[in-house]
Every structure is written in C-alpha cells, then in structure tokens.
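Engineer: Sharing a structure below in structure tokens format, with a few things to ask.
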Amino acid sequence: MAGVTFREVRKIYAGGIEAVKGVSFAVPDGAFCVLVGPSGCGKSTLLRMVAGVETVTAGEIRIGERVVNDIEPAERDIAMVFQNYALYPHMTVYNNMAYGLRNRGVPKPEIDRLVREAARILEITELLKRKPRELSGGQRQRVAMGRAIVRQPKAFLFDEPLSNLDAKLRVSMRVEIKKLQRQFGTTSIYVTHDQLEAMTLADMLVVMNAGRIEQIGAPLEVYERPATTFVATFIGAPPMNLLRLAAAELSGLLGASAAVPPEGGILGVRPEDLVLAPAGARSDGGLALPLTVETVERVGPESFVYGRLARGGDVIVRIPGAAAPSFGEQAVAIAPRHKLHVFSADGSRRINS
Amino acid sequence: MAERRRFENLLPHLILWVGIAIVAFPVYLAFVASTHEPAIIANGQMPLTPGPYFLENYYRAIFVGTTGTTREPVGTMLLNSLVMALGIALGKIAISIVSAYAIVYFRFPFRMAAFWLIFVTLMLPVEVRIYPTYKVAADLQLLDTYAGLTLPLVASATATLLFRQFFLTVPDELVEASRIDGAGPFRFFKDTLLPLSRTNMAALFVILFIYGWNQYLWPLLITTRDDMQTIVIGIKKMIVTSDALTEWQLVMATAMLAMLPPVAVVILMQKLFVRGLVETEK
C-alpha cells in the first residue's frame, strides 16, 4: 500500500485548454481522498492521470515512492472503477474479474481463489456465471468493485462510480464503499460532483474549481471554515448565504478589533445557522437581517424559507419542523457572531478565523 | 372494428404477395425449365408445372456438363466459386477490421490521410481500375489462380468504414479498463474488440459472400482455363449463340445450383445478420 503525491501537476490538452493548473497535495497511505468540484473543474482529469489513461503535461505524480508519470497503467498497481462501469460486455462476471489477473500471469488456482473471495465479500457469488447485460445497475457496480479489489492494488481510483445509480441505491452503495475501504485500508481517490457523497465518504476532502485546488481538509473542517466563497457555496445544501458589505458595516458586525480591509468584504452565513425571529427583533451583537418571506419549502423534518432582504438581495433560512411563516410575512433572520464567515471582497480568501 | 382490422391486415398481405410473385416467378420458371427435356423449351412451349427429368438433368449438370460445349461440370465451377467467394469475404473482413482498428485506436502520422484514401477508393469499383489491376495480376503470374481471383477484390472501403463506425461506438472506458487490466493493443483487439464485433462480422460475411459469389467481370478476365472458371461465368458460356442447340434445361439447372450457396448462407446466418445490422452489443 502507498500514498499518492501530486507535485505541480498540470494538464494541457491538445488545443491549449488547461484542465489542471498546477496542483500539489499528498494523499496519505490508507486515506480516503475525495476530489469534489463542479463539472469541468479538472477532478476527473487529475484522477485519470493517476490511472495513467491520461498523460501528465508537467509536474510529477508518485504512487508510494515511485514516480509514475511514464509508467503504463497496468504497472502502476492501481484499480479504477468507472462511471459507466466499463465491464467487458462479452465476458462473464467471473472473467471480468479474472481478466486483469490472467494478463498478469497469476496462476489459475490463485485467480480462482481471489475471484471467489472478492465475490463473497461483495455478495455476488451467484452472479459469477452471468454476463453484464443480465445484471442490474447495482449489481454491475458491485462487479466493477470486484474487478478492482481482486487485484489488491496500492490504490483504488473511483470516477463518479455512483452517478448512474438511482438515489436509494446510491446511498447504500456509498455506505458499502466506505465500509470496504476501511476493511482493506487501501488508499483511495474518489471523484464526485455530489457534495453529500464527498462529505460522507472523505477522510480528506479536496475541493477543486477551474483546474485549481480551492481547499483541502477534513470534511467538517471544510464545512465549518470554508477558505473561499466558492467552497462556502459548494459545500453545504442549501448553499451559504453571501452578502457584500462595506468596511464600516463589517467592522460594526465583527467588533472594532477585527482587521477589515478598506474595500469591504463578503459576509457568509449558513442557512442552518440563521434563526427566524418576529419582525422588529434585534440580535445581541450578531447579525440581524429583516426580510419578507417569498417562498417556503417544507420537506418534513425541516423547512427552507426563501426571503427577500429589506436591504436588497435574497437569503435562505433553514428552520426545523414544518411550522414556517407564510408568504409575505415580515421577519428577522438572526445569527450569532461566531457563526459568521467573512471573506475578502473578491471571495478568494477567508478573513476571520 | 374487427372487420376493419381484417381488411387492414389483408391489404398489406396482398401487396406483399404480389411483390413475392413478381420476384419469385422467374425463379420458379427457371426451376420448371430445369426439369423438362430440351425439346419442350426449344419449342417455346414452356409448361408451368415441373416435368419428370429433374434427377437426370441435375445429375448431368453436376457431374457431366453440357455435351455441345464440353465445359466443366457444375461441381468444379461450384467449388471455384466457393473458394473465390469465401476468399473474398474472409479476406475483406480480416483486412478491413485490422485497418479500421489502426485508424480508430492509433495516432500515427497521416492517419486522416490514410482514412480518406480508403474512403476515396469507394468511388473506384473493379470496373474502373480493371486494366491496371489486370496488368498487375498478369505480371505477378496470378492468371488462372485462386489468388488471382480473390486478392485484387479483397481490399474493401465499405467494410473498413463499417468497422470504423462500430469501433467508434465502443466506449473509451473499455479501452482504459483494458489498459489498466494489463491488456496491450494486441490483447485488447483479440480479447475485447473481436468478440464484440462478432455480429458485425457475420453481417458483413453474408453481404461480402454474395458480392464475391456474383462477381462476373473480374473472373471473366482473369480465368482462361475451363477448370478455373466460376459458376457465374460457366452459365454464360453454356449459352451458345452459334447454330448449336443451347441445352436450356442444363443451363437452368446450373442457375438453380448457382443460387443455392448464397441462399444457404443467408438462411443460416439470418439471425446474426439481422442482429449485426440493427443492434450493437455494448
């Protein structure tokens, strides 16, 4: 087993499009690293470079101690699970899992043992003789996982493996992937655009945007202290409310001791950190935003209140239960000072600690 | 409602039957002619029912040949045709699947130029390049050989294009998964692409076998010896235009026999043929 290290990794496609713009970080041995970001942010490209199915334009990728830039995918000792599973359509489940081992010249009894063991763990033993087209989406997903684990690789690479499944199956496979990864303790890199998947799976979350890394950290750390406004709105649903404030307003909110840039900044507050109070209520040293209720979404255990701020702009408030104000009602959204996030005016930097 | 549906079913059937009659009647007539004695046909009084000479006529066609023209018996010609059609069909499939593989999966200089060159040859059927091809075949001592019959017809733009289109529909992830599984270009071709192309190959085989079987101009040029001629040429040579009497019953029997192998290929491979044309197994 081994960690994966990226040093100034770049990818420029023929045609000059720079998909990955110099990325450096290290995935420790045995960690579950999730690359998350909107589509086109370069996360898949990065993963495919680790797999070796995409060349590295500049920089260095190491698996363990070995620089793998110019090593064939098969010799990198990795296994990849694809979004569309990429099972060989004409081979049985057994052969799909055994193919890689056979190509490596593993002896037959050993192949049989490994395949049956993997099938037992994934509970697909009774499917071994079937062809991929006779399987459901969830079963195919399991076979793809099986093909990865029989090889006992140094690293698992997952390229949005759950996005072709229905919502219910996605949740159960998510739990299962996490369980399997713990069981094997294999370093894993997992690409997804789903922030919920990212939060629940990751030991280490890497948020990417436009070919760069926005933030690296444990999921909760990223949630609690987003480094940029991009991360703030990408992680968490519904997204964080952002308000552009002048310098005077900001220092009024944060207290005189806070260092506020003269050009002002962006204030962020999560919908779940806001509380709705009757109109006219005041906040004790925190944020108080008078608003008019525009829409309410009741999802059962909680409700989302969409309001129009008196000072201009929109805000989302997440309140427990279904008892929410109705359309047109006046209210005040209140948040304590320690729940506020402050970013620089261009959103690229977090100001408060 | 039931009445109307019956009528609606009737009309398409009627049209179909008329169509079948138009196509099948000449074939039926040929069959009838192959079962009578020559005098009846020569009289111009073609009966519409089969006659009593079926066994005799076919026996003579297959093993003896016509009396007047001393041509080879049908057996030899059928064999020649079979070798030629199989050679063309299998050769075309082998060459075009390999060239399509090169064009789709490998980046090499002038790749697109190669592709367009192949594409352009679509516009050059055998008839257009007949003289240079004949010259080359003659210089290579290929006259009156099986190689001469098949090789010049083996390159196929159509089949290459068909395989190219099919390969383009094979998801890239399959190539990537193969690479990760340690399969190089040759293994990927053998273990994944070939099995996936099975139905396409079958469909092409049917089309190309018939194409090869029905070749007329090229075998006519390249073969001079009677024991190398194909059945299509043989039929033509049986029809004498001089004052001798054409043995129509044998000509017709030969024609019927010439039809059998392509028909057999179509019937036997029908299932794969249709699947190869309509569905891609992915």
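By convention in this document, the chains of the structure tokens carry letters A, B, ... by their order, each chain's residues are numbered from 1, and ligands are numbered from 1 in the order they are shown.
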Kindly determine which residues of chain B lie within 10 Å of chain A, considering only C-alpha atoms, and give the answer as a PyMOL selection string.

Structural biologist: chain B and resi 171-184+187+191-193+195-196+281-282

Engineer: Which residues are near B:Ile222? Cut-off 10 Å, only C-alpha atoms, ignore same chain within fewer than 4 positions. Put them as an MDAnalysis selection string.

Structural biologist: chainID B and resid 134 137:138 142:146 148:149 217:218 228:229

Engineer: Output N, CA, C and O atoms for every residue in that selection, as a JSON list (two decimals), in the first residue's frame.

Structural biologist:
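Output saved as again-v7.json:
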[["chain", "number", "residue", "atom", "x", "y", "z"],
["B", 134, "TYR", "N", -5.55, -5.79, -63.94],
["B", 134, "TYR", "CA", -5.27, -6.97, -64.76],
["B", 134, "TYR", "C", -3.77, -7.07, -65.06],
["B", 134, "TYR", "O", -3.17, -8.13, -64.96],
["B", 137, "ALA", "N", -1.95, -8.22, -61.98],
["B", 137, "ALA", "CA", -2.21, -9.64, -61.74],
["B", 137, "ALA", "C", -1.45, -10.49, -62.75],
["B", 137, "ALA", "O", -0.87, -11.52, -62.40],
["B", 138, "ALA", "N", -1.41, -10.05, -64.00],
["B", 138, "ALA", "CA", -0.72, -10.81, -65.04],
["B", 138, "ALA", "C", 0.78, -10.84, -64.76],
["B", 138, "ALA", "O", 1.42, -11.88, -64.84],
["B", 142, "LEU", "N", -0.62, -14.29, -61.75],
["B", 142, "LEU", "CA", -1.79, -14.69, -60.98],
["B", 142, "LEU", "C", -2.96, -15.14, -61.86],
["B", 142, "LEU", "O", -4.01, -15.48, -61.37],
["B", 143, "LEU", "N", -2.73, -15.13, -63.20],
["B", 143, "LEU", "CA", -3.82, -15.54, -64.09],
["B", 143, "LEU", "C", -4.14, -17.00, -63.84],
["B", 143, "LEU", "O", -3.24, -17.82, -63.62],
["B", 144, "ASP", "N", -5.42, -17.34, -63.86],
["B", 144, "ASP", "CA", -5.85, -18.72, -63.67],
["B", 144, "ASP", "C", -5.42, -19.31, -62.32],
["B", 144, "ASP", "O", -5.09, -20.48, -62.22],
["B", 145, "THR", "N", -5.37, -18.45, -61.29],
["B", 145, "THR", "CA", -5.12, -18.99, -59.94],
["B", 145, "THR", "C", -6.21, -18.47, -59.00],
["B", 145, "THR", "O", -6.86, -17.47, -59.28],
["B", 146, "TYR", "N", -6.35, -19.17, -57.88],
["B", 146, "TYR", "CA", -7.32, -18.70, -56.88],
["B", 146, "TYR", "C", -6.90, -17.35, -56.31],
["B", 146, "TYR", "O", -7.71, -16.48, -56.06],
["B", 148, "GLY", "N", -5.36, -15.01, -57.86],
["B", 148, "GLY", "CA", -5.73, -14.01, -58.84],
["B", 148, "GLY", "C", -7.21, -13.69, -58.80],
["B", 148, "GLY", "O", -7.63, -12.56, -59.01],
["B", 149, "LEU", "N", -8.01, -14.71, -58.51],
["B", 149, "LEU", "CA", -9.45, -14.50, -58.44],
["B", 149, "LEU", "C", -9.84, -13.66, -57.23],
["B", 149, "LEU", "O", -10.78, -12.86, -57.29],
["B", 217, "LEU", "N", -17.28, -9.81, -64.06],
["B", 217, "LEU", "CA", -16.27, -9.25, -64.96],
["B", 217, "LEU", "C", -14.86, -9.72, -64.64],
["B", 217, "LEU", "O", -14.11, -10.14, -65.51],
["B", 218, "TRP", "N", -14.49, -9.66, -63.37],
["B", 218, "TRP", "CA", -13.13, -10.00, -63.00],
["B", 218, "TRP", "C", -12.79, -11.46, -63.29],
["B", 218, "TRP", "O", -11.79, -11.74, -63.95],
["B", 228, "MET", "N", -10.82, -23.49, -64.14],
["B", 228, "MET", "CA", -10.72, -22.42, -63.13],
["B", 228, "MET", "C", -11.93, -21.50, -63.16],
["B", 228, "MET", "O", -12.02, -20.58, -62.37],
["B", 229, "GLN", "N", -12.86, -21.72, -64.07],
["B", 229, "GLN", "CA", -13.93, -20.74, -64.18],
["B", 229, "GLN", "C", -14.96, -20.90, -63.07],
["B", 229, "GLN", "O", -15.18, -21.99, -62.55]]

Engineer: Excluding same-chain residues fewer than 6 positions from stretch 219-229 of chain A, what lies within 6 Å of it counting only C-alpha atoms, as a ChimeraX atom specification?

Structural biologist: /A:199,205,347-350

Engineer: Can you tell me which residues surround A:Leu169 at a distance of at most 12 Å, considering only C-alpha atoms, apart from same-chain residues fewer than 6 positions away, and format the answer as a PyMOL selection string?

Structural biologist: chain A and resi 136-139+141-142+161-163+175-177

Engineer: Go ahead and write the residues just picked, N, CA and C atoms, as a PDB file, in the first residue's frame.

Structural biologist:
ATOM      1  N   SER A 136     -28.427  -5.899 -12.943  1.00  0.00           N
ATOM      2  CA  SER A 136     -28.989  -4.573 -12.691  1.00  0.00           C
ATOM      3  C   SER A 136     -27.834  -3.590 -12.475  1.00  0.00           C
ATOM      4  N   GLY A 137     -28.181  -2.310 -12.443  1.00  0.00           N
ATOM      5  CA  GLY A 137     -27.149  -1.291 -12.265  1.00  0.00           C
ATOM      6  C   GLY A 137     -26.334  -1.502 -11.000  1.00  0.00           C
ATOM      7  N   GLY A 138     -27.022  -1.810  -9.916  1.00  0.00           N
ATOM      8  CA  GLY A 138     -26.325  -2.007  -8.648  1.00  0.00           C
ATOM      9  C   GLY A 138     -25.392  -3.205  -8.696  1.00  0.00           C
ATOM     10  N   GLN A 139     -25.861  -4.265  -9.366  1.00  0.00           N
ATOM     11  CA  GLN A 139     -25.021  -5.461  -9.480  1.00  0.00           C
ATOM     12  C   GLN A 139     -23.786  -5.194 -10.325  1.00  0.00           C
ATOM     13  N   GLN A 141     -22.337  -2.398 -10.649  1.00  0.00           N
ATOM     14  CA  GLN A 141     -21.474  -1.587  -9.795  1.00  0.00           C
ATOM     15  C   GLN A 141     -20.640  -2.489  -8.885  1.00  0.00           C
ATOM     16  N   ARG A 142     -21.273  -3.515  -8.354  1.00  0.00           N
ATOM     17  CA  ARG A 142     -20.559  -4.442  -7.481  1.00  0.00           C
ATOM     18  C   ARG A 142     -19.485  -5.201  -8.248  1.00  0.00           C
ATOM     19  N   PRO A 161     -18.445   6.827  -9.373  1.00  0.00           N
ATOM     20  CA  PRO A 161     -18.968   5.474  -9.591  1.00  0.00           C
ATOM     21  C   PRO A 161     -20.454   5.337  -9.306  1.00  0.00           C
ATOM     22  N   LEU A 162     -21.034   6.277  -8.585  1.00  0.00           N
ATOM     23  CA  LEU A 162     -22.428   6.081  -8.183  1.00  0.00           C
ATOM     24  C   LEU A 162     -23.410   6.911  -8.988  1.00  0.00           C
ATOM     25  N   SER A 163     -22.914   7.720  -9.919  1.00  0.00           N
ATOM     26  CA  SER A 163     -23.842   8.669 -10.531  1.00  0.00           C
ATOM     27  C   SER A 163     -24.800   8.017 -11.519  1.00  0.00           C
ATOM     28  N   VAL A 175     -22.441   3.761   1.506  1.00  0.00           N
ATOM     29  CA  VAL A 175     -22.075   3.179   2.802  1.00  0.00           C
ATOM     30  C   VAL A 175     -21.153   1.988   2.588  1.00  0.00           C
ATOM     31  N   GLU A 176     -21.495   1.194   1.570  1.00  0.00           N
ATOM     32  CA  GLU A 176     -20.730  -0.013   1.328  1.00  0.00           C
ATOM     33  C   GLU A 176     -19.296   0.283   0.886  1.00  0.00           C
ATOM     34  N   ILE A 177     -19.150   1.267   0.020  1.00  0.00           N
ATOM     35  CA  ILE A 177     -17.809   1.624  -0.453  1.00  0.00           C
ATOM     36  C   ILE A 177     -16.941   2.052   0.719  1.00  0.00           C
TER      37      ILE A 177
END

Engineer: Which polymer residues have any atom within 9 Å of an atom of stretch 91-93 of chain B, counting only C-alpha atoms, with same-chain residues fewer than 2 positions away left out, as JSON, numbers by chain?

Structural biologist: {"B": [86, 87, 88, 89, 95, 96, 97, 98, 150, 151, 153, 154, 155, 156, 159, 160, 201, 204, 205, 208]}
